[in-house]
>>> print(open('query.cif').read())   # mmCIF, C-alpha atoms
data_entry
loop_
_atom_site.label_atom_id
_atom_site.label_comp_id
_atom_site.auth_asym_id
_atom_site.auth_seq_id
_atom_site.Cartn_x
_atom_site.Cartn_y
_atom_site.Cartn_z
CA MET B 9 63.90 33.66 -0.63
CA GLU B 10 66.85 33.11 -2.96
CA THR B 11 66.03 32.35 -6.59
CA ASN B 12 68.60 29.54 -6.72
CA THR B 13 66.97 27.85 -3.73
CA ILE B 14 63.55 27.98 -5.38
CA GLU B 15 64.91 26.71 -8.70
CA THR B 16 66.65 23.81 -6.98
CA ALA B 17 63.47 22.85 -5.12
CA ARG B 18 61.45 23.08 -8.35
CA LYS B 19 63.96 20.96 -10.24
CA ASN B 20 63.94 18.32 -7.50
CA LEU B 21 60.13 18.11 -7.36
CA LEU B 22 59.83 17.95 -11.15
CA THR B 23 62.27 15.02 -11.02
CA VAL B 24 59.96 13.38 -8.48
CA GLU B 25 56.95 13.93 -10.76
CA LYS B 26 58.85 12.46 -13.71
CA LYS B 27 59.81 9.39 -11.66
CA LEU B 28 56.24 8.90 -10.47
CA ASN B 29 55.00 8.95 -14.05
CA GLU B 30 57.62 6.32 -14.92
CA LEU B 31 56.33 4.05 -12.15
CA VAL B 32 52.60 4.84 -12.14
CA ILE B 33 51.72 4.43 -15.81
CA GLY B 34 48.65 5.96 -17.43
CA HIS B 35 47.69 8.21 -14.51
CA GLU B 36 49.41 11.49 -15.41
CA ASP B 37 46.43 13.60 -14.35
CA PHE B 38 46.36 11.93 -10.93
CA ILE B 39 50.11 12.44 -10.52
CA ARG B 40 49.86 16.10 -11.45
CA ALA B 41 46.96 16.55 -9.04
CA LEU B 42 49.02 14.88 -6.33
CA MET B 43 52.07 17.08 -6.97
CA LEU B 44 50.00 20.27 -7.02
CA SER B 45 48.26 19.27 -3.79
CA VAL B 46 51.64 18.77 -2.14
CA VAL B 47 53.05 22.10 -3.34
CA ALA B 48 49.83 23.87 -2.31
CA GLY B 49 49.73 22.08 1.06
CA GLU B 50 46.20 20.91 0.33
CA HIS B 51 44.40 17.58 0.68
CA LEU B 52 43.31 15.32 -2.17
CA VAL B 53 40.64 12.68 -2.59
CA VAL B 54 40.94 10.14 -5.39
CA ILE B 55 37.90 8.21 -6.60
CA GLY B 56 38.38 5.01 -8.54
CA ALA B 57 38.01 1.25 -8.61
CA PRO B 58 40.34 -0.99 -6.57
CA GLY B 59 43.70 -1.65 -8.17
CA THR B 60 44.13 1.74 -9.87
CA ALA B 61 47.41 2.62 -8.09
CA LYS B 62 45.87 5.00 -5.57
CA SER B 63 47.83 3.85 -2.53
CA TYR B 64 50.91 2.93 -4.58
CA ALA B 65 51.25 6.48 -5.91
CA ILE B 66 51.17 8.22 -2.53
CA ARG B 67 53.35 5.59 -0.89
CA THR B 68 55.94 5.94 -3.67
CA LEU B 69 55.78 9.73 -3.40
CA SER B 70 56.60 9.47 0.30
CA ILE B 71 59.65 7.34 -0.51
CA LEU B 72 60.84 9.74 -3.21
CA LEU B 73 60.52 12.65 -0.75
CA GLU B 74 61.94 10.71 2.21
CA ALA B 75 58.78 11.68 4.07
CA LYS B 76 56.97 10.12 7.01
CA PHE B 77 53.96 8.11 5.84
CA TYR B 78 50.87 6.70 7.54
CA SER B 79 48.23 4.52 5.92
CA TYR B 80 45.01 3.01 7.21
CA LEU B 81 42.04 1.16 5.72
CA LEU B 82 38.83 2.47 7.26
CA THR B 83 35.60 0.55 7.88
CA ARG B 84 32.42 1.48 9.70
CA PHE B 85 33.78 -0.48 12.66
CA THR B 86 37.09 1.40 12.89
CA SER B 87 37.47 2.85 16.38
CA TYR B 88 39.25 6.00 17.47
CA ASP B 89 41.88 3.96 19.29
CA GLU B 90 42.66 1.90 16.18
CA LEU B 91 43.23 4.94 14.02
CA PHE B 92 44.79 7.41 16.45
CA GLY B 93 46.34 5.23 19.15
CA THR B 94 45.38 3.37 22.30
CA ILE B 95 45.28 4.48 25.91
CA ASP B 96 48.31 3.48 27.96
CA VAL B 97 46.44 1.16 30.35
CA ALA B 98 49.58 0.33 32.36
CA GLU B 99 50.28 4.00 33.06
CA LEU B 100 46.65 4.60 33.98
CA ALA B 101 46.66 1.69 36.45
CA LYS B 102 50.04 2.64 37.87
CA SER B 103 49.66 6.38 38.46
CA GLY B 104 46.12 7.20 37.44
CA THR B 105 47.56 9.35 34.66
CA PHE B 106 45.71 9.38 31.35
CA LYS B 107 48.10 8.95 28.45
CA ARG B 108 47.47 7.99 24.86
CA ASN B 109 50.08 6.20 22.77
CA TRP B 110 49.45 8.17 19.60
CA SER B 111 49.78 6.39 16.27
CA LYS B 112 51.98 7.68 13.45
CA ILE B 113 49.02 9.64 12.10
CA ILE B 114 50.12 12.48 14.41
CA ASP B 115 53.65 12.99 13.13
CA SER B 116 53.43 11.82 9.50
CA ASP B 117 53.93 14.16 6.55
CA PHE B 118 51.54 12.19 4.34
CA ILE B 119 48.44 10.30 5.39
CA PHE B 120 46.62 7.85 3.13
CA LEU B 121 43.12 6.86 4.27
CA ASP B 122 41.63 4.11 2.12
CA GLU B 123 37.84 3.77 1.90
CA ILE B 124 37.61 7.04 3.77
CA PHE B 125 33.85 7.42 3.33
CA LYS B 126 33.15 4.15 5.14
CA ALA B 127 34.21 5.68 8.45
CA ASN B 128 31.63 6.06 11.22
CA SER B 129 30.43 9.39 12.65
CA ALA B 130 32.95 9.50 15.50
CA ILE B 131 35.86 9.04 13.12
CA LEU B 132 34.41 11.51 10.62
CA ASN B 133 34.42 14.31 13.20
CA SER B 134 38.05 13.60 14.05
CA LEU B 135 39.02 13.55 10.40
CA LEU B 136 37.32 16.88 9.77
CA SER B 137 39.48 18.55 12.41
CA ILE B 138 42.72 17.04 11.13
CA LEU B 139 41.90 18.09 7.56
CA GLN B 140 40.67 21.58 8.34
CA GLU B 141 42.80 22.55 11.35
CA ARG B 142 45.54 19.89 11.32
CA ILE B 143 44.59 19.30 14.93
CA VAL B 144 43.45 16.10 16.64
CA TYR B 145 41.14 16.33 19.66
CA ASP B 146 41.28 13.49 22.17
CA PRO B 147 37.65 12.35 22.67
CA ILE B 148 38.20 11.67 26.38
CA THR B 149 40.07 14.78 27.51
CA GLY B 150 39.14 17.12 24.68
CA GLN B 151 42.78 18.20 24.58
CA PRO B 152 44.00 19.37 21.13
CA LEU B 153 47.15 17.95 19.64
CA GLN B 154 48.89 19.49 16.64
CA ALA B 155 49.35 17.05 13.75
CA SER B 156 52.27 17.23 11.32
CA VAL B 157 50.31 16.20 8.24
CA HIS B 158 51.22 18.15 5.14
CA THR B 159 48.85 16.42 2.72
CA CYS B 160 46.17 13.86 3.39
CA VAL B 161 45.02 11.63 0.54
CA GLY B 162 41.65 9.99 0.88
CA ALA B 163 40.56 7.19 -1.43
CA SER B 164 37.20 5.69 -2.27
CA ASN B 165 35.59 3.52 -4.90
CA GLU B 166 32.71 5.95 -5.29
CA VAL B 167 31.52 9.47 -4.60
CA PRO B 168 29.66 9.73 -1.28
CA GLU B 169 25.94 10.51 -1.35
CA ASP B 170 25.18 10.64 2.37
CA PRO B 171 24.83 14.32 3.47
CA GLU B 172 26.91 13.50 6.56
CA LEU B 173 29.80 12.45 4.30
CA LEU B 174 29.58 15.44 1.96
CA ALA B 175 31.05 17.74 4.63
CA LEU B 176 34.16 15.59 4.66
CA TYR B 177 34.19 15.32 0.86
CA ASP B 178 34.14 19.11 0.52
CA ARG B 179 37.18 19.45 2.79
CA PHE B 180 39.34 18.01 0.02
CA ALA B 181 40.45 20.91 -2.17
CA VAL B 182 41.47 18.53 -4.96
CA LYS B 183 39.25 15.78 -6.34
CA VAL B 184 40.48 13.44 -9.04
CA PHE B 185 38.93 10.41 -10.74
CA VAL B 186 40.92 7.42 -11.99
CA ASP B 187 40.01 4.46 -14.20
CA TYR B 188 41.69 1.23 -15.23
CA ILE B 189 44.14 1.65 -18.09
CA ASP B 190 42.80 0.04 -21.26
CA ASN B 191 45.35 1.17 -23.83
CA ASP B 192 47.54 -1.72 -25.00
CA ALA B 193 50.67 0.41 -25.23
CA LEU B 194 50.13 1.78 -21.72
CA ILE B 195 49.57 -1.71 -20.32
CA LEU B 196 52.88 -2.79 -21.88
CA ARG B 197 54.62 0.21 -20.29
CA ALA B 198 53.00 -0.66 -16.96
CA LEU B 199 54.34 -4.22 -17.23
CA GLN B 200 57.81 -2.88 -17.95
CA ALA B 201 57.58 -0.44 -15.04
CA ARG B 202 56.53 -3.23 -12.71
CA TRP B 203 58.94 -5.97 -13.77
CA LEU B 204 61.93 -4.28 -15.42
CA ASN B 205 62.46 -1.13 -13.36
CA ASN B 206 64.44 -1.07 -10.16
CA HIS B 207 61.82 -0.63 -7.45
CA ASN B 208 64.31 0.28 -4.77
CA SER B 209 63.57 3.95 -5.40
CA LEU B 210 65.82 6.33 -3.55
CA PRO B 211 64.75 9.79 -2.36
CA LEU B 212 65.01 12.36 -5.16
CA ALA B 213 63.93 15.33 -3.06
CA THR B 214 63.02 16.18 0.52
CA MET B 215 60.20 17.75 2.47
CA GLN B 216 62.42 20.82 2.69
CA ASP B 217 62.05 21.18 -1.09
CA VAL B 218 58.29 20.91 -0.63
CA LYS B 219 58.27 23.59 2.06
CA ILE B 220 60.41 25.94 -0.02
CA LEU B 221 58.07 25.70 -3.00
CA ASN B 222 55.00 25.84 -0.75
CA ASN B 223 56.23 29.11 0.82
CA TYR B 224 57.03 30.49 -2.61
CA ALA B 225 53.57 29.58 -3.91
CA GLU B 226 51.90 31.29 -0.94
CA LYS B 227 53.74 34.53 -1.68
CA LEU B 228 53.05 34.40 -5.42
CA ILE B 229 49.37 35.31 -5.11
CA THR B 230 50.24 38.90 -4.16
CA ALA B 231 53.31 39.13 -6.40
CA ARG B 232 53.51 41.19 -9.56
CA ILE B 233 54.71 39.65 -12.80
CA LYS B 234 56.59 42.05 -15.03
CA GLU B 235 54.50 43.24 -17.99
CA LEU B 236 51.49 41.18 -16.84
CA GLY B 237 50.45 42.56 -13.45
CA GLU B 238 49.48 41.13 -10.08
CA VAL B 239 49.01 37.37 -9.95
CA TYR B 240 45.66 37.54 -8.13
CA LYS B 241 44.29 39.78 -10.89
CA LEU B 242 45.58 37.42 -13.57
CA TYR B 243 43.93 34.57 -11.69
CA HIS B 244 40.67 36.55 -11.58
CA ILE B 245 40.73 37.40 -15.30
CA ASN B 246 41.35 33.80 -16.30
CA THR B 247 39.11 32.07 -13.76
CA VAL B 248 35.89 33.99 -13.12
CA PRO B 249 34.43 33.89 -16.67
CA LEU B 250 35.01 30.14 -16.84
CA VAL B 251 33.49 29.58 -13.41
CA LYS B 252 30.40 31.59 -14.40
CA SER B 253 30.06 29.45 -17.51
CA LEU B 254 30.29 26.29 -15.43
CA ARG B 255 27.72 27.52 -12.91
CA SER B 256 25.29 28.22 -15.74
CA GLN B 257 25.65 24.56 -16.72
CA GLY B 258 24.96 23.26 -13.22
CA VAL B 259 28.55 22.74 -12.09
CA ILE B 260 28.69 24.47 -8.73
CA VAL B 261 32.08 25.95 -7.92
CA SER B 262 31.65 27.49 -4.48
CA ASP B 263 32.85 30.94 -3.42
CA ARG B 264 35.21 29.25 -0.95
CA THR B 265 36.75 27.27 -3.80
CA ILE B 266 37.17 30.37 -5.98
CA ILE B 267 38.53 32.62 -3.26
CA GLU B 268 40.50 30.24 -1.04
CA LYS B 269 41.23 26.85 -2.60
CA LEU B 270 41.67 27.43 -6.34
CA PRO B 271 44.13 30.34 -5.94
CA LYS B 272 46.41 28.02 -3.95
CA LEU B 273 46.39 25.47 -6.77
CA PHE B 274 46.92 28.27 -9.30
CA THR B 275 50.05 29.55 -7.56
CA ALA B 276 51.22 25.99 -6.85
CA TYR B 277 51.03 25.36 -10.61
CA LEU B 278 53.19 28.44 -11.27
CA ALA B 279 55.61 27.55 -8.48
CA LEU B 280 56.07 24.00 -9.79
CA TYR B 281 56.04 24.55 -13.55
CA GLY B 282 57.41 28.10 -13.70
CA VAL B 283 56.00 31.61 -13.83
CA THR B 284 55.70 31.95 -17.61
CA ILE B 285 53.05 33.69 -19.70
CA ASP B 286 51.99 30.33 -21.07
CA ASN B 287 51.56 28.82 -17.60
CA VAL B 288 49.71 31.85 -16.26
CA MET B 289 47.19 31.52 -19.09
CA ASN B 290 47.00 27.72 -19.02
CA ALA B 291 46.93 27.01 -15.30
CA VAL B 292 43.23 27.50 -14.63
CA PHE B 293 42.25 25.27 -17.56
CA ASP B 294 44.48 22.50 -16.21
CA ILE B 295 43.33 22.70 -12.58
CA ILE B 296 39.64 23.56 -12.81
CA THR B 297 38.64 19.89 -13.26
CA TYR B 298 39.97 19.20 -9.76
CA THR B 299 36.94 21.06 -8.39
CA ALA B 300 34.53 18.58 -10.01
CA ARG B 301 32.46 16.50 -7.59
CA SER B 302 31.78 13.64 -10.03
CA LYS B 303 33.05 12.14 -13.28
CA GLU B 304 30.04 13.63 -15.01
CA GLU B 305 31.08 17.10 -13.86
CA VAL B 306 34.61 16.46 -15.15
CA THR B 307 33.11 15.77 -18.58
CA THR B 308 30.97 18.92 -18.40
CA ILE B 309 33.95 21.05 -17.38
CA ARG B 310 36.15 19.74 -20.17
CA LYS B 311 33.41 20.38 -22.71
CA ALA B 312 32.90 23.89 -21.32
CA ILE B 313 36.61 24.57 -21.70
CA ASP B 314 36.61 23.38 -25.30
CA ASP B 315 33.47 25.42 -26.05
CA SER B 316 34.76 28.57 -24.36
CA LEU B 317 38.15 28.40 -26.02
CA GLY B 318 36.78 27.58 -29.45
CA GLU B 319 39.38 28.51 -32.03
CA VAL B 320 41.84 29.28 -29.24
CA ALA B 321 41.82 25.59 -28.35
CA GLU B 322 42.63 24.83 -31.98
CA LEU B 323 45.56 27.24 -31.81
CA ALA B 324 46.85 25.51 -28.68
CA LYS B 325 46.56 22.14 -30.43
CA LYS B 326 48.48 23.52 -33.42
CA LEU B 327 51.25 24.73 -31.13
CA GLU B 328 51.49 21.30 -29.53
CA LYS B 329 51.53 19.72 -32.98
CA ALA B 330 54.40 22.02 -34.02
CA ARG B 331 56.35 20.98 -30.92
CA GLU B 332 55.83 17.33 -31.83
CA PHE B 333 57.14 18.01 -35.35
CA VAL B 334 60.24 19.63 -33.86
CA LYS B 335 60.84 16.64 -31.57
CA ALA B 336 60.53 14.37 -34.61
CA GLY B 337 63.04 16.51 -36.52
CA ASN B 338 60.44 17.61 -39.07
CA LEU B 339 61.33 21.31 -39.02
CA SER B 340 59.67 22.14 -42.33
CA GLN B 341 56.19 21.07 -41.21
CA ALA B 342 56.75 22.67 -37.80
CA LYS B 343 57.50 26.02 -39.51
CA SER B 344 54.36 25.72 -41.62
CA VAL B 345 52.12 25.15 -38.57
CA LEU B 346 53.83 27.93 -36.61
CA ALA B 347 53.30 30.36 -39.47
CA GLU B 348 49.56 29.65 -39.33
CA ILE B 349 49.54 30.49 -35.63
CA ILE B 350 51.62 33.66 -35.96
CA ASN B 351 49.39 34.99 -38.76
CA THR B 352 46.30 34.69 -36.56
CA ASP B 353 44.22 37.87 -36.26
CA ILE B 354 44.25 38.14 -32.46
CA ASN B 355 41.72 40.97 -32.20
CA THR B 356 39.13 39.26 -34.39
CA LEU B 357 39.57 35.92 -32.66
CA ALA B 358 39.17 37.41 -29.19
CA SER B 359 36.44 39.92 -30.07
CA LYS B 360 33.61 37.78 -28.67
CA THR B 361 35.57 36.72 -25.59
CA PRO B 362 38.00 39.54 -24.66
CA TRP B 363 39.11 37.66 -21.57
CA LEU B 364 40.73 35.08 -23.87
CA LYS B 365 42.94 37.64 -25.61
CA PRO B 366 45.89 37.18 -23.19
CA ARG B 367 45.75 33.43 -23.81
CA VAL B 368 45.81 33.93 -27.60
CA GLU B 369 48.72 36.35 -27.26
CA ALA B 370 50.58 33.80 -25.12
CA ILE B 371 50.13 31.08 -27.76
CA VAL B 372 51.30 33.38 -30.56
CA SER B 373 54.27 34.51 -28.45
CA ASN B 374 55.28 30.89 -27.82
CA ALA B 375 54.91 30.10 -31.51
CA SER B 376 57.13 33.05 -32.45
CA GLN B 377 59.81 31.97 -30.00
CA LEU B 378 59.70 28.38 -31.25
CA LEU B 379 60.02 29.60 -34.84
CA LYS B 380 63.09 31.65 -33.89
CA ASN B 381 64.62 28.56 -32.29
CA ILE B 382 64.02 26.54 -35.46
CA GLN B 383 65.54 29.26 -37.62
CA SER B 384 68.58 29.34 -35.33
CA ILE B 385 68.95 25.56 -35.65
CA GLU B 386 68.69 25.77 -39.45
CA GLU B 387 71.35 28.50 -39.56
CA GLN B 388 73.70 26.35 -37.49
CA ILE B 389 73.10 23.34 -39.74
CA SER B 390 73.71 25.47 -42.84
CA ARG B 391 76.93 26.87 -41.37
CA LEU B 392 78.20 23.43 -40.41
CA ALA B 393 77.34 22.10 -43.87
CA GLY B 394 79.35 24.92 -45.44
CA GLU B 395 82.35 24.21 -43.23
CA THR B 396 82.44 20.52 -44.23
CA GLN B 397 82.42 21.21 -47.97
#
>>> encode(input="query.cif", output="structure tokens")
Amino acid sequence: METNTIETARKNLLTVEKKLNELVIGHEDFIRALMLSVVAGEHLVVIGAPGTAKSYAIRTLSILLEAKFYSYLLTRFTSYDELFGTIDVAELAKSGTFKRNWSKIIDSDFIFLDEIFKANSAILNSLLSILQERIVYDPITGQPLQASVHTCVGASNEVPEDPELLALYDRFAVKVFVDYIDNDALILRALQARWLNNHNSLPLATMQDVKILNNYAEKLITARIKELGEVYKLYHINTVPLVKSLRSQGVIVSDRTIIEKLPKLFTAYLALYGVTIDNVMNAVFDIITYTARSKEEVTTIRKAIDDSLGEVAELAKKLEKAREFVKAGNLSQAKSVLAEIINTDINTLASKTPWLKPRVEAIVSNASQLLKNIQSIEEQISRLAGETQ
């Protein structure tokens, strides 16, 4: 696959993500989860109260990608015919031929199923097959029909507790929790996005871009990154210790998640945001919360990350602070913070947790590069000042 083609697809999808964050205010984590699910070709379930932009986000994404979209609100009374399409009674009476007029659920790229856990048993079985196999079985003939769905997004107000529903819940590789926005500044931005922006959004990318990045992500897992090694080994080094820590705290991350689902999100992260040392080291910490089965587990995971990173987390915060200083034009304070990072004793810091050493090295490397950039800017300013005298 040509590098230019991949870069173009990445650029287009990052533009889509940026636009979504301009329209869906205060839900950056949900948007990132949605974008990673799409690049990975996985399904996502979003848990949150009504009116938290769940359906709006996926519907807008479909518009921005010029993709086929299907949406349905499920209840315990929803029948198979309502969701998947009715039998052609006229054709049956005329020729005795059984034919179903399939709904758009069959040939849509994105499916949004609201109140998904209110579906009855018959619907649940059909949904399991479309999620796991992307195949729909007609309940009368038993004939399989291939569905075109790329990503299915399920939505619910609460986490299911019924054992029968947990099987469906576990089929979603990505789980994300959303709340109402309560920050005054964010509410103002949301008002501006709703009433001042042009809502006639035009496509910014296509499903072809999605497929290009999806294919690239699938190949990345067995690729070798220069000076770092094979991606699957990097994934293992960064993921397994954290997963073990989470399991010891009662957060169950299944073997299937570790071996099958999480690697897809890991490579999707690299495909979308770039294969850099920083991203290789950061990816697992950004995506691991998507394995949480409840908001309580999200809290536990985030605390475990902070605890496991310790001083490394402080280094990462310092690097982000330095970047903010640079954006604000405060180069002097940025240099001071970067110097603190660069002077870090990597071996001492990582002695208790050797698996964190690559992450520390990545932070220091980024700090060194940023410092070089600042010095280059200062040299240019000094030169220009000399020329104007």
>>> residues_around(input="query.cif", residues="range 340-348 of chain B", least_positions_apart="5", cutoff="9 Å", atoms="all atoms listed in the file", output="PyMOL selection string")
chain B and resi 323+326-327+329-334+372+375-376+378-379+382-383
>>> atom_distance(input="query.cif", atom1="CA of Ile131 in chain B", atom2="CA of Thr86 in chain B")
7.7 Å
>>> closest_residue(input="query.cif", among="B:Ala300, B:Leu273, B:Ala101, B:Ala61", to="Arg255 in chain B", atoms="all atoms listed in the file")
B:Ala300
>>> residues_around(input="query.cif", residues="Lys234 in chain B", least_positions_apart="5", cutoff="12 Å", atoms="all atoms listed in the file", output="NGL selection string")
:B and (239 or 283-285)
>>> write_last_selection(input="query.cif", atoms="C-alpha atoms", output="CSV table (one decimal), in the frame of the given file")
chain,number,residue,atom,x,y,z
B,239,VAL,CA,49.0,37.4,-10.0
B,283,VAL,CA,56.0,31.6,-13.8
B,284,THR,CA,55.7,32.0,-17.6
B,285,ILE,CA,53.0,33.7,-19.7
>>> closest_residue(input="query.cif", among="B:Ile313, B:Leu228, B:Leu72, B:Val184", to="Asn246 in chain B", atoms="all atoms listed in the file")
B:Ile313
>>> residues_around(input="query.cif", residues="Val54 in chain B", least_positions_apart="3", cutoff="9 Å", atoms="only C-alpha atoms", output="list in words")
Phe38, Lys62, Val161, Gly162, Ala163, Ser164, Asn165, Val182, Lys183, Val184, Phe185 and Val186 of chain B
>>> atom_distance(input="query.cif", atom1="CA of Lys219 in chain B", atom2="CA of Thr23 in chain B")
16.1 Å
>>> atom_distance(input="query.cif", atom1="CA of Pro249 in chain B", atom2="CA of Lys269 in chain B")
17.1 Å
>>> resolve_selection(input="query.cif", expression="the PyMOL selection byres ((chain B and resi 47) around 8)", output="CSV table (one decimal) with C-alpha atoms, in the coordinates of the input")
chain,number,residue,atom,x,y,z
B,43,MET,CA,52.1,17.1,-7.0
B,44,LEU,CA,50.0,20.3,-7.0
B,45,SER,CA,48.3,19.3,-3.8
B,46,VAL,CA,51.6,18.8,-2.1
B,48,ALA,CA,49.8,23.9,-2.3
B,49,GLY,CA,49.7,22.1,1.1
B,50,GLU,CA,46.2,20.9,0.3
B,218,VAL,CA,58.3,20.9,-0.6
B,219,LYS,CA,58.3,23.6,2.1
B,221,LEU,CA,58.1,25.7,-3.0
B,222,ASN,CA,55.0,25.8,-0.8
B,225,ALA,CA,53.6,29.6,-3.9
B,276,ALA,CA,51.2,26.0,-6.8
B,279,ALA,CA,55.6,27.6,-8.5
B,280,LEU,CA,56.1,24.0,-9.8
>>> resolve_selection(input="query.cif", expression="the PyMOL selection byres ((chain B and resi 39) around 8)", output="list of chain:residue names")
B:Glu25, B:Leu28, B:Asn29, B:His35, B:Glu36, B:Asp37, B:Phe38, B:Arg40, B:Ala41, B:Leu42, B:Met43, B:Ala65
>>> closest_residue(input="query.cif", among="B:Glu74, B:Asp96, B:Glu30, B:Glu386", to="Asp217 in chain B", atoms="only C-alpha atoms")
B:Glu74
>>> resolve_selection(input="query.cif", expression="the PyMOL selection byres ((chain B and resi 153) around 6)", output="short mmCIF file (atom, residue, chain, number, x, y, z; two decimals) with C-alpha atoms, in the coordinates of the input")
data_model
loop_
_atom_site.label_atom_id
_atom_site.label_comp_id
_atom_site.auth_asym_id
_atom_site.auth_seq_id
_atom_site.Cartn_x
_atom_site.Cartn_y
_atom_site.Cartn_z
CA ILE B 143 44.59 19.30 14.93
CA VAL B 144 43.45 16.10 16.64
CA PRO B 152 44.00 19.37 21.13
CA GLN B 154 48.89 19.49 16.64
#
>>> residues_around(input="query.cif", residues="range 193-200 of chain B", least_positions_apart="5", cutoff="8 Å", atoms="all atoms listed in the file", output="MDAnalysis selection string")
chainID B and resid 31:34 205
>>> residues_near_point(input="query.cif", point="(43.7, 16.9, 21.1)", cutoff="12 Å", atoms="all atoms listed in the file", output="PyMOL selection string")
chain B and resi 92+107-108+110+114+134+137-138+141-155
>>> residues_around(input="query.cif", residues="Leu136 in chain B", least_positions_apart="4", cutoff="12 Å", atoms="only C-alpha atoms", output="PyMOL selection string")
chain B and resi 51+124-125+127+129-132+140-145+160+172-180
>>> closest_residue(input="query.cif", among="B:Thr265, B:Thr13, B:Thr68, B:Gln257", to="Glu304 in chain B", atoms="all atoms listed in the file")
B:Gln257
>>> closest_residue(input="query.cif", among="B:Leu250, B:Ile229, B:Glu369, B:Thr275", to="Asp314 in chain B", atoms="all atoms listed in the file")
B:Leu250
>>> closest_residue(input="query.cif", among="B:Phe106, B:Thr247, B:Ile14, B:Ile349", to="Glu322 in chain B", atoms="all atoms listed in the file")
B:Ile349
